[in-house]
>>> print(open('target-v4.cif').read())   # mmCIF, C-alpha atoms and all ligand atoms
data_query
#
loop_
_atom_site.label_atom_id
_atom_site.label_comp_id
_atom_site.auth_asym_id
_atom_site.auth_seq_id
_atom_site.Cartn_x
_atom_site.Cartn_y
_atom_site.Cartn_z
CA MET A 1 77.55 -25.57 -57.88
CA ALA A 2 74.09 -24.28 -57.16
CA ARG A 3 70.46 -24.89 -56.35
CA ILE A 4 68.14 -24.04 -59.24
CA THR A 5 64.52 -23.10 -58.60
CA LEU A 6 61.88 -22.85 -61.31
CA GLU A 7 58.99 -20.80 -59.99
CA ARG A 8 55.66 -20.93 -61.85
CA LEU A 9 57.80 -21.23 -64.95
CA GLY A 10 55.92 -21.61 -68.22
CA HIS A 11 56.38 -20.87 -71.86
CA ALA A 12 54.13 -20.29 -74.85
CA TYR A 13 55.95 -19.53 -78.12
CA ASN A 14 52.84 -17.69 -79.32
CA ARG A 15 52.85 -15.36 -76.32
CA SER A 16 51.66 -12.37 -78.38
CA ASP A 17 48.52 -14.15 -79.69
CA GLY A 18 46.40 -13.73 -76.55
CA THR A 19 45.58 -17.42 -75.89
CA PRO A 20 48.79 -19.11 -74.83
CA ASN A 21 49.57 -22.41 -76.50
CA TYR A 22 51.92 -23.77 -73.86
CA ALA A 23 55.04 -25.71 -74.88
CA LEU A 24 55.70 -25.74 -71.12
CA TYR A 25 52.76 -25.36 -68.72
CA PRO A 26 53.53 -23.29 -65.61
CA LEU A 27 55.34 -25.48 -63.09
CA ASP A 28 57.39 -25.39 -59.88
CA LEU A 29 60.56 -27.44 -59.73
CA VAL A 30 63.77 -27.48 -57.66
CA TRP A 31 67.12 -28.92 -58.71
CA GLU A 32 69.16 -29.36 -55.54
CA ASP A 33 72.82 -28.39 -55.34
CA GLY A 34 74.93 -31.38 -56.43
CA GLY A 35 71.95 -33.42 -57.68
CA THR A 36 71.86 -35.27 -61.00
CA TYR A 37 68.59 -34.98 -62.87
CA ALA A 38 67.32 -36.41 -66.13
CA LEU A 39 64.55 -34.68 -68.06
CA LEU A 40 62.87 -37.59 -69.80
CA GLY A 41 60.03 -37.56 -72.30
CA PRO A 42 59.08 -38.07 -75.93
CA SER A 43 59.93 -35.62 -78.68
CA GLY A 44 58.05 -32.33 -78.40
CA CYS A 45 57.16 -32.62 -74.68
CA GLY A 46 59.05 -29.43 -73.74
CA LYS A 47 62.45 -30.65 -72.51
CA SER A 48 64.59 -28.34 -74.62
CA THR A 49 62.26 -25.43 -73.95
CA MET A 50 62.84 -25.87 -70.20
CA LEU A 51 66.59 -26.25 -70.63
CA ASN A 52 66.92 -23.22 -72.90
CA ILE A 53 64.99 -21.07 -70.42
CA VAL A 54 67.34 -22.11 -67.62
CA SER A 55 70.45 -21.43 -69.69
CA GLY A 56 69.10 -18.04 -70.80
CA LEU A 57 68.80 -18.84 -74.52
CA LEU A 58 65.03 -18.34 -74.20
CA THR A 59 63.05 -15.86 -72.09
CA PRO A 60 60.03 -17.52 -70.49
CA SER A 61 56.58 -16.07 -71.11
CA GLU A 62 55.79 -16.68 -67.40
CA GLY A 63 57.55 -17.28 -64.09
CA ARG A 64 61.09 -17.03 -62.79
CA VAL A 65 64.40 -18.90 -62.71
CA LEU A 66 66.41 -18.59 -59.49
CA ILE A 67 70.03 -19.66 -59.07
CA ASN A 68 70.87 -19.98 -55.38
CA GLY A 69 67.86 -17.75 -54.66
CA ARG A 70 68.94 -15.01 -57.11
CA ASP A 71 66.43 -14.17 -59.84
CA VAL A 72 68.25 -14.60 -63.18
CA THR A 73 65.16 -14.63 -65.44
CA GLY A 74 66.13 -11.40 -67.18
CA THR A 75 69.89 -11.99 -67.33
CA ARG A 76 71.87 -13.04 -70.39
CA VAL A 77 73.50 -16.45 -70.96
CA ALA A 78 77.00 -15.25 -70.08
CA GLN A 79 75.85 -13.87 -66.73
CA ARG A 80 74.41 -17.16 -65.51
CA ASN A 81 77.62 -19.15 -65.19
CA ILE A 82 76.15 -22.26 -66.74
CA ALA A 83 77.87 -24.91 -68.86
CA GLN A 84 75.79 -26.33 -71.68
CA VAL A 85 76.46 -29.32 -73.96
CA PHE A 86 74.29 -29.76 -77.04
CA GLN A 87 73.25 -32.72 -79.17
CA PHE A 88 75.90 -32.00 -81.81
CA PRO A 89 79.56 -31.09 -81.27
CA VAL A 90 80.50 -27.45 -80.89
CA VAL A 91 84.30 -27.21 -81.12
CA TYR A 92 86.88 -24.64 -82.16
CA ALA A 93 88.07 -26.42 -85.29
CA SER A 94 91.35 -24.53 -85.55
CA LYS A 95 92.38 -25.24 -81.95
CA SER A 96 93.91 -28.44 -80.59
CA VAL A 97 91.94 -30.76 -78.32
CA TYR A 98 93.97 -29.38 -75.41
CA GLU A 99 93.15 -25.76 -76.23
CA ASN A 100 89.47 -26.58 -76.71
CA LEU A 101 89.32 -28.11 -73.23
CA ALA A 102 91.37 -25.27 -71.74
CA PHE A 103 89.23 -22.53 -73.29
CA PRO A 104 86.58 -22.17 -70.53
CA LEU A 105 89.38 -22.02 -67.92
CA ARG A 106 91.49 -19.49 -69.83
CA CYS A 107 88.40 -17.26 -70.17
CA ARG A 108 88.41 -17.09 -66.37
CA ASN A 109 92.13 -16.26 -66.22
CA MET A 110 93.04 -19.47 -64.45
CA ALA A 111 96.78 -20.02 -63.82
CA ASN A 112 98.49 -22.19 -66.44
CA ARG A 113 99.45 -24.88 -63.97
CA GLU A 114 95.83 -25.31 -62.81
CA VAL A 115 94.60 -25.25 -66.42
CA ASP A 116 97.06 -28.03 -67.20
CA ARG A 117 95.97 -30.11 -64.22
CA ARG A 118 92.27 -29.85 -65.04
CA VAL A 119 92.63 -30.41 -68.79
CA ASN A 120 94.73 -33.52 -68.20
CA GLU A 121 92.31 -34.85 -65.61
CA ILE A 122 89.25 -34.45 -67.82
CA ALA A 123 91.09 -35.70 -70.93
CA GLU A 124 92.07 -38.85 -69.10
CA LEU A 125 88.53 -39.46 -67.88
CA LEU A 126 87.17 -39.11 -71.41
CA ASN A 127 90.04 -41.03 -73.07
CA LEU A 128 91.18 -37.94 -74.95
CA ASP A 129 94.65 -37.95 -73.39
CA THR A 130 96.33 -39.61 -76.37
CA ILE A 131 95.04 -37.04 -78.89
CA LEU A 132 95.41 -33.87 -76.80
CA HIS A 133 97.66 -32.14 -79.31
CA ARG A 134 95.76 -32.99 -82.49
CA PRO A 135 93.70 -30.30 -84.20
CA ALA A 136 90.00 -30.71 -83.43
CA ARG A 137 89.01 -30.43 -87.11
CA LYS A 138 90.72 -33.74 -87.94
CA LEU A 139 88.67 -35.75 -85.46
CA THR A 140 85.57 -37.94 -85.92
CA PRO A 141 82.15 -36.60 -84.78
CA ASP A 142 82.38 -38.96 -81.73
CA ALA A 143 85.69 -37.48 -80.64
CA LYS A 144 84.48 -33.91 -81.27
CA GLN A 145 81.47 -34.56 -79.06
CA LEU A 146 83.81 -35.85 -76.34
CA ILE A 147 85.55 -32.48 -76.50
CA SER A 148 82.18 -30.71 -76.09
CA LEU A 149 81.47 -32.91 -73.06
CA GLY A 150 84.93 -32.23 -71.66
CA ARG A 151 84.46 -28.48 -72.05
CA GLY A 152 81.17 -28.76 -70.16
CA LEU A 153 82.79 -30.71 -67.33
CA VAL A 154 86.18 -29.01 -67.01
CA ARG A 155 85.09 -26.19 -64.69
CA ASP A 156 84.13 -26.83 -61.10
CA ASP A 157 82.70 -23.38 -60.49
CA VAL A 158 79.68 -23.42 -62.82
CA ALA A 159 76.21 -23.19 -61.26
CA VAL A 160 74.87 -26.12 -63.26
CA ILE A 161 75.80 -28.28 -66.23
CA LEU A 162 72.98 -28.65 -68.76
CA MET A 163 73.21 -31.44 -71.32
CA ASP A 164 70.73 -31.74 -74.18
CA GLU A 165 70.92 -35.31 -75.56
CA PRO A 166 74.73 -35.10 -75.69
CA LEU A 167 75.31 -38.75 -76.61
CA THR A 168 73.18 -38.75 -79.79
CA VAL A 169 76.14 -38.82 -82.18
CA ILE A 170 78.16 -41.26 -80.08
CA ASP A 171 78.64 -44.88 -81.15
CA PRO A 172 76.34 -47.24 -79.09
CA GLN A 173 79.25 -49.16 -77.46
CA LEU A 174 80.97 -45.98 -76.35
CA LYS A 175 77.64 -44.50 -75.25
CA PHE A 176 77.21 -47.21 -72.62
CA HIS A 177 80.70 -46.57 -71.27
CA LEU A 178 80.22 -42.78 -71.30
CA ARG A 179 76.99 -42.84 -69.30
CA ARG A 180 78.86 -44.47 -66.43
CA LYS A 181 81.75 -42.03 -66.80
CA LEU A 182 79.47 -39.03 -66.72
CA LYS A 183 77.84 -40.34 -63.57
CA ASP A 184 81.24 -40.90 -61.91
CA ILE A 185 82.57 -37.48 -62.94
CA SER A 186 79.54 -35.57 -61.71
CA ALA A 187 79.47 -37.53 -58.43
CA ARG A 188 83.19 -36.93 -57.87
CA HIS A 189 82.94 -33.19 -58.54
CA GLY A 190 79.53 -32.61 -56.92
CA HIS A 191 78.12 -31.10 -60.12
CA THR A 192 74.49 -30.10 -60.39
CA LEU A 193 73.76 -31.87 -63.64
CA VAL A 194 70.59 -31.75 -65.73
CA TYR A 195 70.50 -34.18 -68.60
CA VAL A 196 67.84 -34.17 -71.33
CA THR A 197 67.02 -37.46 -73.01
CA HIS A 198 64.17 -39.43 -74.54
CA ASP A 199 65.94 -42.70 -73.71
CA GLN A 200 64.74 -44.24 -70.45
CA ASN A 201 67.89 -46.37 -70.06
CA GLU A 202 70.06 -43.30 -70.32
CA ALA A 203 67.92 -41.45 -67.77
CA MET A 204 67.83 -44.36 -65.35
CA THR A 205 71.59 -45.08 -65.48
CA LEU A 206 72.68 -41.50 -65.23
CA ALA A 207 70.42 -39.66 -62.86
CA GLU A 208 69.46 -39.99 -59.23
CA ASN A 209 66.23 -38.18 -60.03
CA VAL A 210 64.21 -38.48 -63.19
CA ILE A 211 61.70 -35.83 -64.25
CA VAL A 212 59.21 -37.50 -66.58
CA MET A 213 57.53 -35.03 -68.92
CA ASP A 214 54.34 -35.41 -70.91
CA ASN A 215 53.01 -32.83 -73.32
CA GLY A 216 54.50 -29.75 -71.66
CA ARG A 217 53.82 -30.96 -68.11
CA VAL A 218 55.85 -32.74 -65.46
CA ALA A 219 54.10 -36.08 -64.96
CA GLN A 220 56.31 -37.28 -62.06
CA VAL A 221 59.66 -36.65 -60.40
CA GLY A 222 61.27 -39.62 -58.69
CA THR A 223 64.18 -41.99 -58.38
CA PRO A 224 64.35 -44.68 -61.06
CA GLN A 225 63.03 -47.17 -58.50
CA GLU A 226 60.07 -44.97 -57.50
CA LEU A 227 59.09 -44.48 -61.13
CA PHE A 228 59.28 -48.19 -61.79
CA GLU A 229 57.44 -49.32 -58.67
CA ASN A 230 54.95 -46.55 -58.19
CA PRO A 231 54.11 -44.52 -61.28
CA THR A 232 51.62 -41.84 -60.30
CA HIS A 233 50.47 -41.36 -63.90
CA ALA A 234 49.69 -43.96 -66.55
CA HIS A 235 52.07 -42.06 -68.88
CA VAL A 236 54.96 -42.91 -66.53
CA GLY A 237 53.91 -46.56 -66.46
CA TYR A 238 53.96 -46.60 -70.28
CA PHE A 239 57.16 -44.63 -70.67
CA ILE A 240 59.31 -46.36 -68.04
CA GLY A 241 60.00 -50.09 -68.16
CA SER A 242 60.51 -52.47 -71.03
CA PRO A 243 57.99 -53.73 -71.89
CA SER A 244 55.85 -51.02 -70.35
CA MET A 245 53.32 -51.55 -67.57
CA ASN A 246 50.22 -53.58 -68.48
CA PHE A 247 47.05 -51.53 -68.26
CA LEU A 248 43.90 -53.64 -68.10
CA PRO A 249 40.39 -52.17 -68.08
CA VAL A 250 38.57 -53.36 -64.95
CA SER A 251 35.08 -53.17 -63.57
CA LEU A 252 33.52 -53.94 -60.21
CA TYR A 253 31.43 -57.09 -60.01
CA ASN A 254 29.72 -57.79 -56.66
CA GLY A 255 32.40 -55.80 -54.91
CA LYS A 256 35.19 -57.68 -56.68
CA LEU A 257 37.41 -56.59 -59.52
CA SER A 258 36.69 -58.13 -62.85
CA ILE A 259 39.13 -58.22 -65.77
CA ALA A 260 37.82 -59.26 -69.18
CA GLY A 261 34.91 -61.11 -67.56
CA GLN A 262 37.15 -62.94 -65.04
CA VAL A 263 36.87 -62.09 -61.39
CA VAL A 264 40.18 -61.33 -59.79
CA ALA A 265 39.79 -63.19 -56.54
CA PHE A 266 40.55 -60.47 -54.07
CA GLY A 267 38.38 -60.02 -51.01
CA THR A 268 37.07 -56.52 -50.58
CA VAL A 269 37.89 -53.93 -53.19
CA GLU A 270 37.52 -50.22 -52.66
CA VAL A 271 38.21 -48.10 -55.70
CA PRO A 272 36.75 -44.78 -56.80
CA GLU A 273 33.45 -45.03 -58.65
CA GLY A 274 33.11 -43.67 -62.18
CA GLY A 275 35.90 -42.61 -64.50
CA ASN A 276 37.98 -44.86 -66.70
CA LEU A 277 39.42 -47.43 -64.29
CA LEU A 278 42.55 -49.33 -65.29
CA LEU A 279 44.56 -51.90 -63.40
CA GLY A 280 48.29 -51.38 -63.88
CA ILE A 281 50.81 -54.13 -63.32
CA ARG A 282 54.40 -54.48 -64.49
CA PRO A 283 55.19 -57.55 -66.64
CA GLU A 284 57.71 -58.46 -63.92
CA PHE A 285 54.87 -58.92 -61.40
CA VAL A 286 52.67 -61.27 -63.41
CA GLU A 287 53.32 -64.92 -62.64
CA ILE A 288 52.56 -67.81 -64.94
CA LEU A 289 51.08 -70.72 -62.96
CA PRO A 290 51.87 -74.36 -63.71
CA GLU A 291 48.16 -75.17 -63.79
CA ALA A 292 44.76 -73.54 -63.50
CA SER A 293 43.66 -72.85 -59.94
CA PRO A 294 40.51 -71.24 -58.55
CA ASN A 295 42.14 -67.84 -58.17
CA ALA A 296 44.01 -67.82 -61.45
CA LEU A 297 43.26 -65.72 -64.51
CA LYS A 298 43.37 -67.26 -67.95
CA ALA A 299 44.79 -66.08 -71.27
CA LYS A 300 45.47 -67.54 -74.68
CA LEU A 301 49.16 -67.63 -75.61
CA SER A 302 49.95 -65.26 -78.48
CA GLU A 303 53.72 -65.13 -78.50
CA VAL A 304 56.88 -66.03 -76.60
CA GLN A 305 59.81 -63.74 -77.30
CA ASP A 306 63.14 -65.17 -76.19
CA LEU A 307 65.53 -62.40 -75.19
CA GLY A 308 68.46 -64.46 -73.92
CA THR A 309 68.29 -64.12 -70.16
CA TYR A 310 64.50 -63.72 -70.04
CA GLN A 311 61.33 -64.14 -72.09
CA ILE A 312 58.39 -61.89 -72.84
CA VAL A 313 55.20 -63.89 -72.97
CA THR A 314 52.16 -62.23 -74.53
CA GLY A 315 48.75 -63.58 -73.61
CA GLN A 316 45.38 -62.52 -74.93
CA LEU A 317 42.41 -62.16 -72.61
CA ALA A 318 38.82 -62.97 -73.58
CA ASP A 319 38.12 -59.32 -74.50
CA GLY A 320 41.14 -59.14 -76.84
CA GLN A 321 43.33 -57.19 -74.39
CA CYS A 322 46.94 -58.33 -74.19
CA VAL A 323 48.95 -58.97 -71.06
CA LYS A 324 52.74 -59.09 -71.16
CA ILE A 325 54.66 -61.24 -68.73
CA LYS A 326 58.40 -61.19 -68.06
CA THR A 327 59.51 -64.68 -67.17
CA LYS A 328 62.13 -67.40 -67.65
CA SER A 329 61.95 -70.77 -69.37
CA PHE A 330 58.26 -70.82 -70.28
CA LYS A 331 57.26 -73.31 -72.94
CA GLY A 332 53.94 -73.13 -74.72
CA ILE A 333 52.26 -73.35 -78.08
CA PRO A 334 50.52 -70.26 -79.47
CA GLY A 335 46.78 -70.67 -79.09
CA ASP A 336 47.05 -72.73 -75.89
CA GLU A 337 45.43 -71.46 -72.75
CA PHE A 338 47.60 -70.74 -69.70
CA ALA A 339 46.92 -69.59 -66.15
CA PHE A 340 48.54 -66.60 -64.43
CA ARG A 341 48.23 -64.46 -61.33
CA LEU A 342 48.91 -60.84 -60.53
CA VAL A 343 51.15 -60.18 -57.53
CA GLN A 344 48.64 -58.40 -55.37
CA ASP A 345 50.83 -55.81 -53.64
CA ARG A 346 52.27 -54.78 -57.04
CA ILE A 347 48.89 -53.85 -58.49
CA ARG A 348 48.32 -50.12 -59.03
CA MET A 349 44.94 -48.67 -59.91
CA PHE A 350 44.53 -45.72 -62.28
CA CYS A 351 41.45 -43.60 -62.81
CA ASP A 352 41.45 -41.31 -65.85
CA GLY A 353 45.22 -41.67 -66.18
CA LYS A 354 46.14 -40.90 -62.56
CA GLN A 355 47.02 -43.41 -59.87
CA VAL A 356 44.29 -43.67 -57.23
CA LYS A 357 44.25 -45.28 -53.83
CA ALA A 358 42.70 -48.72 -53.96
CA LEU A 359 42.17 -51.13 -51.14
CA LEU A 360 42.68 -54.68 -52.33
CA THR A 361 42.44 -57.24 -49.55
N1 LIG B 1 60.90 -21.81 -81.74
C1 LIG B 1 59.70 -22.42 -81.62
N2 LIG B 1 58.58 -21.82 -82.07
C2 LIG B 1 57.37 -22.40 -81.94
N3 LIG B 1 57.18 -23.60 -81.36
C3 LIG B 1 58.27 -24.26 -80.91
C4 LIG B 1 59.58 -23.70 -81.01
N4 LIG B 1 60.46 -24.56 -80.44
C5 LIG B 1 59.74 -25.63 -80.00
N5 LIG B 1 58.42 -25.44 -80.29
C6 LIG B 1 57.32 -26.35 -79.95
O1 LIG B 1 57.27 -26.48 -78.54
C7 LIG B 1 56.99 -27.82 -78.15
C8 LIG B 1 58.08 -28.34 -77.22
O2 LIG B 1 59.28 -28.42 -77.99
P1 LIG B 1 60.69 -28.83 -77.34
O3 LIG B 1 61.73 -28.70 -78.41
O4 LIG B 1 60.89 -28.10 -76.08
O5 LIG B 1 60.43 -30.37 -77.01
P2 LIG B 1 61.50 -31.51 -76.72
O6 LIG B 1 60.86 -32.40 -75.71
O7 LIG B 1 62.82 -30.94 -76.39
O8 LIG B 1 61.56 -32.26 -78.13
P3 LIG B 1 62.85 -32.90 -78.87
O9 LIG B 1 63.27 -34.08 -78.06
O10 LIG B 1 62.30 -33.28 -80.21
O11 LIG B 1 63.88 -31.80 -78.95
C9 LIG B 1 56.83 -28.62 -79.44
O12 LIG B 1 55.46 -28.68 -79.75
C10 LIG B 1 57.58 -27.77 -80.46
O13 LIG B 1 57.02 -27.95 -81.75
#
>>> encode(input="target-v4.cif", output="structure tokens", more="lines below")
Ligand SMILES: Nc1ncnc2c1ncn2[C@@H]1O[C@H](COP(=O)(O)OP(=O)(O)OP(=O)(O)O)[C@@H](O)[C@H]1O
Amino acid sequence: MARITLERLGHAYNRSDGTPNYALYPLDLVWEDGGTYALLGPSGCGKSTMLNIVSGLLTPSEGRVLINGRDVTGTRVAQRNIAQVFQFPVVYASKSVYENLAFPLRCRNMANREVDRRVNEIAELLNLDTILHRPARKLTPDAKQLISLGRGLVRDDVAVILMDEPLTVIDPQLKFHLRRKLKDISARHGHTLVYVTHDQNEAMTLAENVIVMDNGRVAQVGTPQELFENPTHAHVGYFIGSPSMNFLPVSLYNGKLSIAGQVVAFGTVEVPEGGNLLLGIRPEFVEILPEASPNALKAKLSEVQDLGTYQIVTGQLADGQCVKIKTKSFKGIPGDEFAFRLVQDRIRMFCDGKQVKALLT
């Protein structure tokens, strides 16, 4: 496996027009040897563009791709030694499942005994072992996509495995099971794996490192925990977490933070002046209080959603803003007022969309 470096890599599909309209703004990024990465972001944010540049399907308008320090920007797909799995199955319909899985190994003249060992290993991991000798054309789309995954995973000597939303056609139950399998397989074999998805659960379960993209730019790279606890951009707070982070417009009132006309009773507050200041707090770190207290904030109950093991309580502040709270066993009648507090060390402040340092004492 290999270390992949993207150096000032950018792409504008209209490169000949003079003013570049970037699908991918120039960026620097490193995928470490043996690391598992998820490229996460909404449709159109540039994930596939990045992946296709790395695999060689697309030539970037700017920058370089290095594999283990070697510049491969101008080389063709076949010269990069990369395995790629796409959203929809790509199988050799006339070949058996076995021969489909064996194909990448046979292309490298691997001895039959080793081919057999690897094909059986990967087939067992993906539960294809009972249908190894059936023709691929007779299988369901789910099973065909398992073959595509197997072909991507069967070689140990590829530089990197790139997967572009490979579980899209897979049944939801099986999807859950496969995410764990993929994680196990790549950990066991030390694969460098880059996985494109717009599903935060998929990204968080599969990858050690998540690259959150927004409109052609990398908003943040971090572990699932870092992205949850400390989003550096408001976009990450919105995109990660369910429900997403609460963002409440705040102002300074006599040196104290004020939310919807209510002073948040912190001592000294130091935040940058000017700009659009928002207080960000995860629904998990808002606590409903049994009764009003001097330091509590107040909201009117809009809705309680019961989701089995937890509830999502929505409260409306005096200025119409909503706050979402993740809690258990709350009982209330819509329209009633309730008191809550924000867990102080979980508060993050954002100015014009970026997290800023704020001293809340
Ligand atoms: N061949 C192309 N020519 C012109 N523009 C393109 C082309 N391919 C993609 N784009 C544009 O580039 C931007 C990024 O697209 P890209 O497919 O990389 O995003 P994505 O995050 O992978 O989206 P999705 O999840 O829908 O595949 C989008 O605005 C898209 O419309």
>>> closest_residue(input="target-v4.cif", among="A:Leu317, A:Ile4, A:Ile281, A:Val271", to="Gly237 of chain A", atoms="all atoms listed in the file")
A:Ile281
>>> closest_atom_pairs(input="target-v4.cif", of="chain A", to="ligand LIG 1 (chain B)", cutoff="6 Å", atoms="all atoms listed in the file", output="JSON lines")
{"residue": "A:Tyr13", "atom": "CA", "partner": "B:LIG1", "partner_atom": "C2", "distance": 5.0}
{"residue": "A:Ala23", "atom": "CA", "partner": "B:LIG1", "partner_atom": "C7", "distance": 4.4}
{"residue": "A:Pro42", "atom": "CA", "partner": "B:LIG1", "partner_atom": "O6", "distance": 5.9}
{"residue": "A:Ser43", "atom": "CA", "partner": "B:LIG1", "partner_atom": "O10", "distance": 3.7}
{"residue": "A:Gly44", "atom": "CA", "partner": "B:LIG1", "partner_atom": "O5", "distance": 3.4}
{"residue": "A:Cys45", "atom": "CA", "partner": "B:LIG1", "partner_atom": "O6", "distance": 3.8}
{"residue": "A:Gly46", "atom": "CA", "partner": "B:LIG1", "partner_atom": "O4", "distance": 3.3}
{"residue": "A:Lys47", "atom": "CA", "partner": "B:LIG1", "partner_atom": "O7", "distance": 3.9}
{"residue": "A:Ser48", "atom": "CA", "partner": "B:LIG1", "partner_atom": "O7", "distance": 3.6}
{"residue": "A:Thr49", "atom": "CA", "partner": "B:LIG1", "partner_atom": "O4", "distance": 3.7}
>>> atom_distance(input="target-v4.cif", atom1="atom CA of Ile312 of chain A", atom2="atom CA of Leu277 of chain A")
25.3 Å
>>> residues_around(input="target-v4.cif", residues="Ile161 of chain A", least_positions_apart="6", cutoff="9 Å", atoms="all atoms listed in the file", output="list of chain:residue names")
A:Met1, A:Ile82, A:Ala83, A:Gln84, A:Val85, A:Gly152, A:Leu153, A:His191, A:Thr192, A:Leu193, A:Val194, A:Tyr195
>>> closest_residue(input="target-v4.cif", among="A:Leu6, A:Leu342, A:Val158, A:Ile333", to="Glu287 of chain A", atoms="all atoms listed in the file")
A:Leu342
>>> closest_residue(input="target-v4.cif", among="A:Asp345, A:Glu124, A:Asp157, A:Glu226", to="Glu208 of chain A", atoms="all atoms listed in the file")
A:Glu226
>>> atom_distance(input="target-v4.cif", atom1="atom CA of Leu182 of chain A", atom2="atom CA of Val218 of chain A")
24.5 Å
>>> residues_around(input="target-v4.cif", residues="Lys138 of chain A", least_positions_apart="4", cutoff="10 Å", atoms="all atoms listed in the file", output="number ranges by chain")
A: 93-94, 96, 134, 143-144
>>> residues_around(input="target-v4.cif", residues="Ile53 of chain A", least_positions_apart="2", cutoff="10 Å", atoms="all atoms listed in the file", output="PyMOL selection string")
chain A and resi 6+9-11+48-51+55-61+64-65+73+77
>>> atom_distance(input="target-v4.cif", atom1="atom CA of Gly74 of chain A", atom2="atom CA of Tyr25 of chain A")
19.4 Å
>>> closest_residue(input="target-v4.cif", among="A:Gly34, A:Gly274, A:Pro290, A:Pro334", to="Glu303 of chain A", atoms="all atoms listed in the file")
A:Pro334
>>> closest_residue(input="target-v4.cif", among="A:Gly353, A:Ala111, A:Ala318, A:Lys181", to="Ser258 of chain A", atoms="all atoms listed in the file")
A:Ala318
